[in-house]
Amino acid sequence: MLDAKTVPPSQIESALNNLWESLERTGKMRASLFNLVLYAKKDAREEYIRTLTKTIIEKFPSRVIFVLVDPDKDPNYSETKISIMAGSEQRKDYACDYIEIGVGTSALERVPFLILPQLISDLPVYLVLAQDICQPDPIVAALEKMANRLILDSEMTKNLPCFARSALEHRSESKCDLADLNWARMESWRDLLSSTFYSQDHFDELKAAHTIAISYNSTPSPYFCHPEIQALYLQGWLAAQLGWSFGSCERKNGTLSLYYSKENSPLVITLTPSEHPNLSPGSITDLQLHTDNKVIFVFTRDLKYPHQITLDITTPEQCYLPTQFVFAKGEAGGSLVKEVSHKGTSEHYLNTLKLISQLSEL
Amino acid sequence: MSQPDQHPLSEPGISSRITSPCILVIFGVTGDLTARKLVPAIYNLVREGQLPAQFACVGFARRDKTHDQFREEMRENIEKHSRVKPIVEPIWDHFKEQLFYHKSEFQDDDGYKRLKKFLAELDAKLGTKGNRIFYLSTQPSFFPLVCEKLHQHELIYDANKVTNKWSHVIIEKPFGHDLTSAQALQQELMQFLSEKQIYRIDHYLGKETVQNILIFRFANALFENVWNNHYIDHVQITVSEELGIGTRGRFFEEAGLFRDIIQNHMMQLLSLMAMEPPVNLTADAVHDEKVKVLKAIRIAEDGNYENAVVRGQYGPGYIGGESVVGYRQEENVADDSCIETYVAMRLFIDNWRWDEVPFYLRAGKRLPKRTTEIAVSFKVPPEVLFQSRDNKHDPNILTLRIQPDEGISLKINCKVPGPSSPIQPVKMDFRYGSYFGMSPPEAYERLICDCILGDRTLFAREDEVFESWKLLTPILESWQSSTPQDFPNYQAGTWGPEAADRLIERDGRSWRLI
C-alpha cells in the first residue's frame, strides 16, 4: 500500500484520481467489484481487521472505506486519508482505492455523510461491523441503510446469546443480508460433518448420538479473546439443524456442558478448552460423537499439520481404518471470501442464531 | 448445475458439493495429458478439499514401475504443471498415499484380474465403496478394447442391476473420426456401458469462461433481447494457436485440425452462443438446446462447400520473431501431406433467432497469437444523424475472450471531446484476472469433480456428437475426394490463407484483427 495521504473530504475523489494518474505507466488496473466499508474501534483488533481487509481484496478487489473510531483522540477529531492498495504480492496488475476515515467519539455522526459520496454507484456495499453489536451505537443504523450485506464479528462480544439476539434484530430491522466472521471460520467443520454424515447409515447414527465432546483451542491472542465461540456455533448448528431442544447448561472446571433432548432421549454436548499455542485461537481441535448404538466417531486435528483431520469410526463389531480429510480453506480470510461473495443470508446461520439466542448466560 | 440436496446438514448453493468415495483409474497414465493436466488437476482438487477423503487414483500403463516411482514422477509433474505453486508438502504427503500404479497391457486379461483384486483391496482399506471412474487417456482405437475388458472382468457395473455402487468411463476426444466411425464406436461401447455411464470429455466445457457464456447470456436481461437477427450482423468465432503441432505429428496426420478442433471445441462454443434458454439447468435440458442448434446449421447448399469452407496448411514463417518450419517439415509428417492445419467456414443457423445471420468460424495452428474468442458484431444503426466524413461509425462489437486475457469487452461509439462531433469507438472492458483475484480452477478439475458427482452437463451427449459429425462429415468426404493443390497456402505467423479472407470479404465483411 502506498503511504496514506491526508486530504479534506471534498477532495477525496480528485486526490484518488491524481494518485491513479501518477500510476498510469505502471500498468496497474483500478479494480473494484464492490464497496467494502469497515467500521472498527481503535483497539487491539485493529490490525487484525486490516489484515482481513487485505485478504478480502486479494481475492476480490474493492473500494475500501475504513472507518476507525479513536476514543483516545479529541472527541471532535476527524481526518480522511486516501491511498491505493495493491492486490497481492503475486498479482500486482490491479489495485484498489483505499479511503480511511478517522473520527473521535463526538464526530461519529458525520461518518455516514463522509461515506455516502464515496460509494461507487451500482456496486454492492458490504459493511463489516467490527464492533460488539450488543452495545448500542448511534451510527450503525445509518450505515446499515447503505449496505447490502452486513458482516458481523461475534468475536467482539463476550455474550454470544446476546449477540445472537442482536443479530436477529438487525436482520429483522434492516434489509441487509447477514454473515459472521466466526461462522465463516468454521465452514470447513460444517462441510466435514455434512459429508461424513451424509449417507443414511451415518446419518442414523448421528441422530442416535447421546454425547458430543468438542475440544477447542483456548489460547487467546491479542485479536481473539473469546475462543469458545466457534465451538458454540458448531454445536448450535448441529442442534438447530437436527431439531434438538435445548434444556440447560452448566460450566464446571472450564468445560461447558449443554443438555439437549431429541425425540425423548437426552443428549449432552460438552465444550472443553485446551491450550495449543501454535493453533489459531478458537480452532476446534477434536470432536467425539458417541451414539446409542455404541458407535463412536472421533475427528482429530493433526496438531503438526492443522489443516488435516483424521476420522476414526469404531462400532461394536469393528474399527474402521482412519480416513483423512483436508481443510483447504485457511481459517482466516479464506472462508470469509466465500461469505463475502455469497448472496442472501445462510438459513443455517439464522437457525443457529435462533438456537443460541435461547441459551441462558453461558 | 448444483447438487439438489435436502439433507439437513447441507445447504444448497453454500455447502461444498458432496462427492462420493471413489477410485479413479487412468488408462495411459504415462502419457502427456496425465502429466500436464490430469494429475495436477487431481492434486489441486485435493488441495482445495473438493475430493472425498475416501479417494484413490490408480495409473494403468504397460511400463514397469513401483508405486513410489510413479508417485515421484507425478510429484515432478505437479511441480511443473500445477496452477498453484509451490507444492504444499503436507498436502502432497497426504495425496501421495492415494496414488498407485498398476502395470498391465490393455489386452492382458490377467492384468484386469489383478486390477480388480487391487481395487477391492483399496475399497477395504480406503472405504471407496466400489465406485469407479475409468479415464481412457489412450488412443481412441483402444476405447472398445478397454471397455470390453472392464466389462468382462466386472469392473464396469451393469447400471440396471447394480445400484449400491457406480462406474463411469471418461473418454477423450475425438469420438470417432467421422459419422460412421462415431456411430460404430458408440455401438461397440453400448455393449458394455449405458449412455449414462459414458462421459465424453471436451475440456473447453470445463473452462470458466466457456461456462460464463450461459451466465452472461441468461443472467443479464440486457443482452437476451438483442441476441438475434434483428440486431446482430454476424458472429466470428476464432480458435487460434501460435504453436505448431509439436510432437503430435502422428496423431495430426490422422486427424487434422478439423477433427481436432472444429468438430468438438468449435461446435461447443457455437452451440452455447446460439442456443435457446434451456427450461432448467439439468444436463439433459442444456444438451437438448445445444442439439437443436446443431440440427439447424446449414453450411452449404447442395453439398458445394467451395464457397463456404476453406482449408489451409502452414508453411515456414516467423513466430515470436523466430523462424519456424512448415507443417510438412515437422516430425512424423509426410513431405507431401495434405492434412489441414487451418480451417475457416461460414455457416447459417436456420431458425427464427438466427435466420440470415452468418457465423464465421476460423481455427488454425501457427497463427500470430494464441487466442480463443467469440465476437458478436451488431448491425450499424441508421446513418441519418452522424453523416460527416470525419465520423467513424463502427458497429458495436461484443467480444467474449475465452483465453488468454479472459474477459468481456464491448466496443461502443463515443463523442470525441471538442467543438466538432467526431465519433470515436472506445472499449468497455472487463477482465477476469483483475476482478477475481483467485486463480480459477483448471478445466479438468471441474470436469473430474462433475464426473464423480454424476453431473453430465459439461460432457458431450451422444446425439450432440452425432449431429456435429453428421454436419461435418460431408466436408471431410469432399476433401478426401480432392487434393489441395496449393498447400502450404499460408505462412506461419500470418492469419491464414487468402482464400479465407475472400470467404468473408465476399459478404462485404472482414476478419477481426485480434
# chains A, B, ... in the order shown; residues from 1 in each chain; ligands from 1

$ interface_residues --of "chain A" --to "chain B" --cutoff "9 Å" --atoms "only C-alpha atoms" --output "PyMOL selection string"
chain A and resi 29-33+57-62+87-88+91+93-95+187+190-191+193-195+197-198+237-238+241-242+305+307-308+320-329+338-339+342+346-348

$ write_last_selection --atoms "C-alpha atoms" --output "PDB file, in the first residue's frame"
ATOM      1  CA  MET A  29      -5.689  -1.549 -13.330  1.00  0.00           C
ATOM      2  CA  ARG A  30      -8.079   0.222 -10.992  1.00  0.00           C
ATOM      3  CA  ALA A  31     -10.423  -2.536  -9.984  1.00  0.00           C
ATOM      4  CA  SER A  32     -13.479  -2.689  -7.826  1.00  0.00           C
ATOM      5  CA  LEU A  33     -16.104  -5.383  -7.523  1.00  0.00           C
ATOM      6  CA  ILE A  57      -9.096  -7.595  -1.638  1.00  0.00           C
ATOM      7  CA  GLU A  58      -6.557 -10.187  -2.673  1.00  0.00           C
ATOM      8  CA  LYS A  59      -9.495 -12.258  -3.870  1.00  0.00           C
ATOM      9  CA  PHE A  60     -11.999  -9.508  -4.646  1.00  0.00           C
ATOM     10  CA  PRO A  61     -10.622  -6.082  -5.441  1.00  0.00           C
ATOM     11  CA  SER A  62     -12.904  -3.490  -3.931  1.00  0.00           C
ATOM     12  CA  GLY A  87      -3.986  -6.767  -4.973  1.00  0.00           C
ATOM     13  CA  SER A  88      -1.386  -9.137  -3.651  1.00  0.00           C
ATOM     14  CA  ARG A  91      -0.905 -10.110  -8.561  1.00  0.00           C
ATOM     15  CA  ASP A  93      -1.534  -5.773 -12.081  1.00  0.00           C
ATOM     16  CA  TYR A  94      -4.516  -4.406 -10.191  1.00  0.00           C
ATOM     17  CA  ALA A  95      -5.037  -2.207  -7.177  1.00  0.00           C
ATOM     18  CA  GLU A 187     -17.207 -23.632   7.472  1.00  0.00           C
ATOM     19  CA  ARG A 190     -19.625 -27.906   8.789  1.00  0.00           C
ATOM     20  CA  ASP A 191     -18.618 -29.293   5.407  1.00  0.00           C
ATOM     21  CA  LEU A 193     -19.661 -33.155   9.290  1.00  0.00           C
ATOM     22  CA  SER A 194     -22.088 -32.699   6.434  1.00  0.00           C
ATOM     23  CA  SER A 195     -20.123 -35.053   4.179  1.00  0.00           C
ATOM     24  CA  PHE A 197     -22.996 -37.898   7.995  1.00  0.00           C
ATOM     25  CA  TYR A 198     -24.417 -37.615   4.508  1.00  0.00           C
ATOM     26  CA  TRP A 237     -25.631 -25.586  14.199  1.00  0.00           C
ATOM     27  CA  LEU A 238     -25.921 -29.329  14.764  1.00  0.00           C
ATOM     28  CA  GLN A 241     -30.437 -28.428  12.001  1.00  0.00           C
ATOM     29  CA  LEU A 242     -31.286 -31.686  13.718  1.00  0.00           C
ATOM     30  CA  TYR A 305      -0.475 -30.136  10.135  1.00  0.00           C
ATOM     31  CA  HIS A 307      -5.419 -28.475   8.086  1.00  0.00           C
ATOM     32  CA  GLN A 308      -5.572 -32.276   8.288  1.00  0.00           C
ATOM     33  CA  TYR A 320     -12.533 -48.809  10.521  1.00  0.00           C
ATOM     34  CA  LEU A 321      -9.265 -47.648   9.103  1.00  0.00           C
ATOM     35  CA  PRO A 322      -8.769 -43.940   9.712  1.00  0.00           C
ATOM     36  CA  THR A 323      -9.807 -41.503   6.991  1.00  0.00           C
ATOM     37  CA  GLN A 324      -8.030 -38.241   6.410  1.00  0.00           C
ATOM     38  CA  PHE A 325      -9.638 -35.003   5.383  1.00  0.00           C
ATOM     39  CA  VAL A 326      -8.027 -31.831   4.204  1.00  0.00           C
ATOM     40  CA  PHE A 327      -9.305 -28.439   5.260  1.00  0.00           C
ATOM     41  CA  ALA A 328      -8.471 -26.460   2.190  1.00  0.00           C
ATOM     42  CA  LYS A 329      -9.528 -23.002   3.166  1.00  0.00           C
ATOM     43  CA  LYS A 338     -16.697 -17.109   0.093  1.00  0.00           C
ATOM     44  CA  GLU A 339     -19.123 -15.487   2.563  1.00  0.00           C
ATOM     45  CA  HIS A 342     -22.486 -15.212  -1.346  1.00  0.00           C
ATOM     46  CA  SER A 346     -27.494 -18.546   5.287  1.00  0.00           C
ATOM     47  CA  GLU A 347     -30.588 -20.238   6.654  1.00  0.00           C
ATOM     48  CA  HIS A 348     -28.337 -22.483   8.692  1.00  0.00           C
TER      49      HIS A 348
END

$ residues_around --residues "Tyr223 of chain A" --least-positions-apart "2" --cutoff "10 Å" --atoms "only C-alpha atoms" --output "list in words"
Asp43, Ala44, Arg45, Glu46, Glu47, Tyr48, Ile49, Glu155, Met156, Pro220, Ser221, Cys225, His226 and Pro281 of chain A

$ select_by_dssp --residues "segment 17-229 of chain A" --states "alpha helix (DSSP H)" --output "JSON, numbers by chain"
{"A": [17, 18, 19, 20, 21, 22, 46, 47, 48, 49, 50, 51, 52, 53, 54, 55, 56, 57, 58, 59, 111, 112, 113, 114, 115, 140, 141, 142, 143, 144, 145, 146, 160, 161, 162, 163, 164, 165, 166, 167, 168, 169, 170, 171, 172, 173, 181, 182, 183, 184, 185, 187, 188, 189, 190, 191, 192, 193, 194, 195, 196, 200, 201, 202, 203, 204, 205, 206, 207, 229]}

$ residues_around --residues "segment 63-68 of chain B" --least-positions-apart "5" --cutoff "8 Å" --atoms "only C-alpha atoms" --output "PyMOL selection string"
chain B and resi 99-101+103-104

$ closest_residue --among "B:Ala35, B:Ala182, B:Ile170, B:Ile349" --to "Lys196 of chain B" --atoms "only C-alpha atoms"
B:Ile170

$ residues_around --residues "segment 129-138 of chain A" --least-positions-apart "3" --cutoff "8 Å" --atoms "only C-alpha atoms" --output "list in words"
Leu38, Tyr39, Ala40, Lys41, Ile49, Glu109, Ala141, Ala142, Leu150, Ile151, Leu152, Asp153, Ser154, Met156, Thr157, Cys162, Phe163, Ser166 and Ala167 of chain A

$ closest_residue --among "B:Pro440, B:Glu498, B:Cys451, B:Glu462" --to "Leu185 of chain B" --atoms "only C-alpha atoms"
B:Glu462

$ residues_around --residues "Ile42 of chain B" --least-positions-apart "4" --cutoff "8 Å" --atoms "only C-alpha atoms" --output "list in words"
Leu38, Val46, Glu445 and Ile448 of chain B

$ residues_around --residues "Thr345 of chain A" --least-positions-apart "4" --cutoff "8 Å" --atoms "only C-alpha atoms" --output "PyMOL selection string"
chain A and resi 177-179+349-350

$ residues_around --residues "Asp3 of chain A" --least-positions-apart "6" --cutoff "10 Å" --atoms "only C-alpha atoms" --output "list in words"
Lys81, Ile82, Ser83, Ile84 and Met85 of chain A

$ write_last_selection --atoms "N, CA, C and O atoms" --output "PDB file, in the first residue's frame"
ATOM      1  N   LYS A  81      -8.070  10.095   4.925  1.00  0.00           N
ATOM      2  CA  LYS A  81      -6.828   9.811   4.196  1.00  0.00           C
ATOM      3  C   LYS A  81      -7.170   8.944   2.999  1.00  0.00           C
ATOM      4  O   LYS A  81      -8.149   8.183   3.015  1.00  0.00           O
ATOM      5  N   ILE A  82      -6.307   8.989   1.980  1.00  0.00           N
ATOM      6  CA  ILE A  82      -6.503   8.134   0.815  1.00  0.00           C
ATOM      7  C   ILE A  82      -5.207   7.419   0.473  1.00  0.00           C
ATOM      8  O   ILE A  82      -4.115   7.887   0.809  1.00  0.00           O
ATOM      9  N   SER A  83      -5.368   6.290  -0.170  1.00  0.00           N
ATOM     10  CA  SER A  83      -4.206   5.558  -0.649  1.00  0.00           C
ATOM     11  C   SER A  83      -4.680   4.553  -1.689  1.00  0.00           C
ATOM     12  O   SER A  83      -5.861   4.545  -2.061  1.00  0.00           O
ATOM     13  N   ILE A  84      -3.743   3.747  -2.140  1.00  0.00           N
ATOM     14  CA  ILE A  84      -4.085   2.691  -3.085  1.00  0.00           C
ATOM     15  C   ILE A  84      -3.508   1.394  -2.549  1.00  0.00           C
ATOM     16  O   ILE A  84      -2.335   1.346  -2.159  1.00  0.00           O
ATOM     17  N   MET A  85      -4.342   0.356  -2.534  1.00  0.00           N
ATOM     18  CA  MET A  85      -3.888  -0.955  -2.042  1.00  0.00           C
ATOM     19  C   MET A  85      -3.677  -1.887  -3.215  1.00  0.00           C
ATOM     20  O   MET A  85      -4.596  -2.059  -4.040  1.00  0.00           O
TER      21      MET A  85
END

$ select_by_dssp --residues "segment 34-76 of chain B" --states "strand (DSSP E or B)" --output "list in words"
Phe55, Ala56, Cys57, Val58, Gly59, Phe60 and Ala61 of chain B

$ closest_residue --among "B:Thr457, B:Gln69, B:Ser141, B:Gln6" --to "Tyr199 of chain B" --atoms "only C-alpha atoms"
B:Thr457

$ closest_residue --among "A:Met1, A:Val125, A:Leu355, A:Ile284" --to "Gly243 of chain A" --atoms "only C-alpha atoms"
A:Leu355

$ closest_residue --among "B:Arg250, B:His102, B:Arg311, B:His393" --to "Pro425 of chain B" --atoms "only C-alpha atoms"
B:His393

$ atom_distance --atom1 "atom CA of Trp183 of chain A" --atom2 "atom CA of Leu168 of chain A"
14.5 Å

$ closest_residue --among "B:Ile237, B:Leu476, B:Met267, B:Leu410" --to "Glu340 of chain B" --atoms "only C-alpha atoms"
B:Leu476

$ atom_distance --atom1 "atom CA of Phe113 of chain A" --atom2 "atom CA of Val67 of chain A"
12.1 Å
